[in-house]
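Okay, structure first, notes after.
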Amino acid sequence: MKLKLFFAAALAALCVSFTNASAAPKKEVGLQLYSVRSLLKDNRDATIDQVGKMGYTHVEAAGYGGGKFYGLTPDEFKKKCNAVGMEPLSSHTRIQLSKEELESGDFSKSLAKWDDLIAAHKAAGMKYIVDPALAVPKTLKELDTICKYYNAIGKKCKEAGLSFGYHNHSHEFKKVEGKTMLDYMIENTNPEDVFFQLDVYWARKGGVDPVEYFKKYPKRFRLLHIKDIDEVGASTFMDFNSIFKNIAKSGCEYIIVEVEKPAKGQTIDETVKKSLDYLLKNPNVKASYSK
């Protein structure tokens with residue numbers, strides 16, 4: 001009798017162990033595919049499959065060109081992601097203003113190019129298009145032209161059922177004629193037409209607290225890039241618990257992991273997987289910010 005009870009208890013403990021090991025809660029977490037750019041170059045299809053099997057639910061592209069995403073038509077890219085349980089969520093791409101357009105303030109030529117780009121992203125099932133980078137303008141006049149351009153792009157995207165935003169690095173926290181660049185951009189774009197994708201790591205590198213920006217500009221950050229020095233959650237540089245406890249102020253709808261390089265002693269896919277595992281296990285991270 002005692003032997004039977006022993007085996008029963010051991011079996012129950014083993015079941016609990018397997019459950020705890022394998023059943024981190026399902027959460028909506030996207031991956032910026034720039035993180036696995038070298039793997040995509042070597043074997044695109046296998047890499048997309050691998051990312052889906054890790055448990056990521058969404059992808060953000062950084063490889064649009066010539067009407068295709070990583071060499072796939074919009075529909076092919078959507079089906080490739082869907083096949084492994086992921087949704088194409090967003091894309092980093094841009095049509096940069098020429099020097100003449102910046103000087104004249106007439107950006108109609110560049111604006112006209114957005115029609116095909118928007119159509120391709122809509123066909124891929126995306127919800128957001130994000131301009132990934134902008135050099136620091138020389139004058140506020142140039143920056144104001146860019147803001148007007150973004151407002152116009154945002155209107156085009158909204159008419160097509162998409163949203164347009166801007167992603168920061170650290171240099172947007174520099175001054176342009178006495179005004180912090182990112183602050184000026186937020187204050188001079190229409191909230192209904194332009195959102196911002198706050199990269200929390202680059203914000204810290206720029207010398208600001210992401211949470212303070214949530215409070216300063218509530219509901220303007222519909223996407224967040226979750227990034228760390230190496231794998232997400234591995235350093236003390238980023239206070240992710242504070243970020244996630246205050247995330248409601250930001251207006252965030254989706255969180256997206258981005259990894260710049262592999263952590264020391266790891267492959268890039270290991271670092272990407274460990275970043276996801278940290279978020280899945282962190283009790284401060286909600287299952288969804290879109291619902």
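Chain identifiers are assigned as A, B, and so on, following the order in which chains appear in the structure tokens; residues are numbered from 1 within each chain, and ligands are numbered from 1 in order of appearance.
Taking only C-alpha atoms, the non-local environment of Tyr289 of chain A within 12 Å (same-chain residues fewer than 3 positions away omitted) comprises Lys27, Glu28, Val29, Gly30, Arg222, Leu223, Leu224, Phe244, Ile247, Ala248, Lys249, Ser250, Gly251, Cys252, Glu253, Tyr254, Ile255, Ile256, Val285 and Lys286 of chain A.
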- [ ] Please run DSSP on the backbone and report, as a PyMOL selection string, all residues within segment 26-239 of chain A that come out as alpha helix (DSSP H).
- [x] chain A and resi 37-42+44-54+74-82+99-104+108-112+114-123+140-159+181-187+200-205+210-216
Open item on the list: Need to verify the contact set: Ile95 of chain A, 10 Å, only C-alpha atoms, exclusion of same-chain residues closer than 2 positions in sequence. Can you return it as an MDAnalysis selection string?
Closed with: chainID A and resid 93 97:98 110:111 113:114 117 131
Please produce a file of the residues just selected, as an mmCIF file, in the first residue's frame, where the atoms kept are C-alpha atoms.
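Output file out.cif follows:
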data_model
loop_
_atom_site.group_PDB
_atom_site.id
_atom_site.type_symbol
_atom_site.label_atom_id
_atom_site.label_comp_id
_atom_site.auth_asym_id
_atom_site.auth_seq_id
_atom_site.Cartn_x
_atom_site.Cartn_y
_atom_site.Cartn_z
ATOM 1 C CA THR A 93 9.888 50.854 -44.180
ATOM 2 C CA LEU A 97 12.076 63.122 -48.507
ATOM 3 C CA SER A 98 14.574 64.537 -50.961
ATOM 4 C CA SER A 110 7.193 61.294 -52.240
ATOM 5 C CA LEU A 111 3.654 61.145 -50.878
ATOM 6 C CA LYS A 113 4.727 56.773 -53.865
ATOM 7 C CA TRP A 114 2.963 55.587 -50.727
ATOM 8 C CA LEU A 117 3.432 50.570 -50.523
ATOM 9 C CA ASP A 131 9.200 54.702 -40.364
#
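Picture a line from atom CA of Thr236 of chain A to atom CA of Phe214 of chain A; it runs 20.4 Å.
What separates atom CA of Leu276 of chain A from atom CA of Gly161 of chain A is a distance of 29.2 Å.
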Open item on the list: Measuring between only C-alpha atoms, which one of A:Ser275, A:Asn43, A:Thr189, A:Ser91 shows the shortest distance to Lys227 of chain A?
Closed with: A:Ser275
- [ ] Write out as a PyMOL selection string each polymer residue whose atoms come within 12 Å of Leu40 of chain A, counting only C-alpha atoms; drop sequence neighbours fewer than 4 positions from it.
- [x] chain A and resi 33-36+44-51+61-63+69-71+268-269
Residues as selected, C-alpha atoms, written as a compact mmCIF listing (two decimals), in the first residue's frame, can you do that?
# COMPACT_ATOMS: atom_id res chain seq x y z
CA LEU A 33 12.58 40.18 -37.92
CA TYR A 34 15.66 42.40 -38.09
CA SER A 35 16.68 40.35 -35.03
CA VAL A 36 17.14 37.24 -37.19
CA ARG A 44 14.16 32.39 -44.96
CA ASP A 45 11.47 29.70 -44.75
CA ALA A 46 13.15 27.70 -41.99
CA THR A 47 13.73 30.86 -39.96
CA ILE A 48 10.10 31.95 -40.12
CA ASP A 49 9.09 28.43 -39.08
CA GLN A 50 11.55 28.52 -36.18
CA VAL A 51 10.28 31.87 -34.89
CA ALA A 61 9.05 43.00 -41.05
CA ALA A 62 12.18 44.94 -41.95
CA GLY A 63 12.64 43.58 -45.44
CA PHE A 69 8.66 40.99 -48.15
CA TYR A 70 11.89 38.98 -48.02
CA GLY A 71 11.35 37.94 -51.64
CA ILE A 268 21.02 34.65 -32.17
CA ASP A 269 18.12 32.20 -32.08
TODO: Write out as number ranges by chain all residues of segment 63-282 of chain A that backbone DSSP assigns to strand (DSSP E).
DONE: A: 64-65, 68-69, 87-92, 128-131, 163-167, 175-176, 179-180, 194-199, 223-226, 254-257
Could you build a table of the residues in segment 219-249 of chain A lying no more than 7 Å from segment 200-209 of chain A, giving for each the nearest pair of atoms and their separation in Å rounded to one decimal place, using only C-alpha atoms, ordered by chain and ascending residue number, as CSV?
residue,atom,partner,partner_atom,distance
A:His225,CA,A:Val200,CA,6.2
A:Ile226,CA,A:Val200,CA,6.2
A:Lys227,CA,A:Tyr201,CA,5.4
A:Asp228,CA,A:Tyr201,CA,5.9
